[in-house]
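As structure tokens, the structure follows; a few thoughts come after it.
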Amino acid sequence: MPASRVLTTHTGSLPRPNDLSEMMLQYDAGQLQDVDALRGRIASATVEVVKRQAEIGIDILNDGEFGKVSYSGYVKERLSGFEGEPRRRNLSDAEFPDWVRPFRPQVRYPTNNGPVELRDPSGVRRDIANLQTAVEGVPRVHVFMSA
């Protein structure tokens with residue numbers, strides 16, 4: 001790539017397809033019956049989002065964090081010690097008078113209630129495999145994952 005060119009990327013979650021968002025929320029709430037269907041949809045949606053990033057000219061691609069319900073929520077899947085009662089965010093109007101949300105977040109925020117240890121090393125391996133599959137045949141080969 002020419003030295004005069006600034007490479008583009010992004011970080012953080014990209015908007016998920018509606019069906020995937022719904023499945024992720026059901027999974028997070030312990031209401032999803034078919035985890036294999038969720039994993040398959042995460043894999044196919046990752047292919048879609050990587051392809052879209054390449055199509056619009058993003059140079060350094062990522063998985064859009066599609067394998068994570070949320071930044072704060074996926075920790076309970078990967079690490080032990082977060083089995084405490086989910087906390088509710090209580091953002092008062094007095095604290096943030098200029099901030100208006102169109103809806104309350106549906107993500108459950110875990111609380112730490114014990115020692116923190118690696119719980120599921122297969123989760124990150126699955127995310128890596130999904131991203132590796134997604135970049136096959138995509139012209140841009142620079143990729144990264146948020147952790």
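Just so we're on the same page: first chain in the structure tokens is A, next is B, and so on; residues restart at 1 for each chain, and ligands are numbered from 1 in the order they show up.
Residue neighbourhood of Ala37 (chain A), excluding near-sequence residues (fewer than 6 positions): Asp19, Leu20, Met23, Met24, Tyr27, Ala43 and Ser44 of chain A, at 12 Å, using only C-alpha atoms.
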I'd like a table as JSON lines: residues in region 26-100 of chain A with an atom no more than 10 Å from region 121-128 of chain A, each row giving the shortest atom pair and its distance in Å to one decimal, only C-alpha atoms counted, sorted by chain and rising residue number.
{"residue": "A:Arg39", "atom": "CA", "partner": "A:Arg126", "partner_atom": "CA", "distance": 8.9}
{"residue": "A:Ile42", "atom": "CA", "partner": "A:Asp127", "partner_atom": "CA", "distance": 9.0}
{"residue": "A:Ala43", "atom": "CA", "partner": "A:Asp127", "partner_atom": "CA", "distance": 8.3}
{"residue": "A:Thr46", "atom": "CA", "partner": "A:Asp127", "partner_atom": "CA", "distance": 9.2}
{"residue": "A:Asp63", "atom": "CA", "partner": "A:Asp127", "partner_atom": "CA", "distance": 8.1}
{"residue": "A:Glu65", "atom": "CA", "partner": "A:Asp127", "partner_atom": "CA", "distance": 8.7}
{"residue": "A:Phe66", "atom": "CA", "partner": "A:Asp127", "partner_atom": "CA", "distance": 8.6}
{"residue": "A:Gly67", "atom": "CA", "partner": "A:Asp127", "partner_atom": "CA", "distance": 6.3}
{"residue": "A:Lys68", "atom": "CA", "partner": "A:Asp127", "partner_atom": "CA", "distance": 9.0}
{"residue": "A:Tyr74", "atom": "CA", "partner": "A:Gly123", "partner_atom": "CA", "distance": 9.8}
{"residue": "A:Glu77", "atom": "CA", "partner": "A:Gly123", "partner_atom": "CA", "distance": 8.0}
{"residue": "A:Arg78", "atom": "CA", "partner": "A:Gly123", "partner_atom": "CA", "distance": 6.8}
{"residue": "A:Leu79", "atom": "CA", "partner": "A:Pro121", "partner_atom": "CA", "distance": 9.1}
Apply DSSP to the structure's backbone, then extract all residues of chain A labelled helix (DSSP H, G or I) and return them as a ChimeraX atom specification. /A:18-28,35-56,75-78,121-135
Got a sec to tell me which of chain A DSSP assigns to strand (DSSP E or B), as a list in words? Ile60, Leu61, Leu79, Gly84, Glu85, Pro86, Arg87, Tyr109, Pro110, Thr111, Leu118, His142 and Val143 of chain A
Please, which residues in region 7-122 of chain A fall within 8 Å of region 129-146 of chain A when counting only C-alpha atoms, and what is the closest atom pair and distance in Å to one decimal for each, ordered by chain then residue number, as CSV?
residue,atom,partner,partner_atom,distance
A:Thr11,CA,A:Ser146,CA,7.1
A:Gly12,CA,A:Ser146,CA,7.1
A:Ala43,CA,A:Asn130,CA,5.4
A:Thr46,CA,A:Ala134,CA,6.2
A:Val47,CA,A:Ala134,CA,4.2
A:Glu48,CA,A:Ala134,CA,7.7
A:Val50,CA,A:Ala134,CA,6.2
A:Lys51,CA,A:Val138,CA,6.8
A:Ala54,CA,A:Arg140,CA,6.7
A:Asp59,CA,A:Arg140,CA,6.3
A:Ile60,CA,A:His142,CA,4.8
A:Leu61,CA,A:Val143,CA,4.6
A:Asn62,CA,A:Phe144,CA,5.3
A:Asp63,CA,A:Leu131,CA,5.9
A:Glu65,CA,A:Ser146,CA,7.2
At what distance in Å, to one decimal, does CA of Tyr71 (chain A) lie from CA of Asn112 (chain A)? 14.8 Å
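With CA of Gly30 (chain A) on one side and CA of Leu14 (chain A) on the other, the separation reads 23.2 Å.
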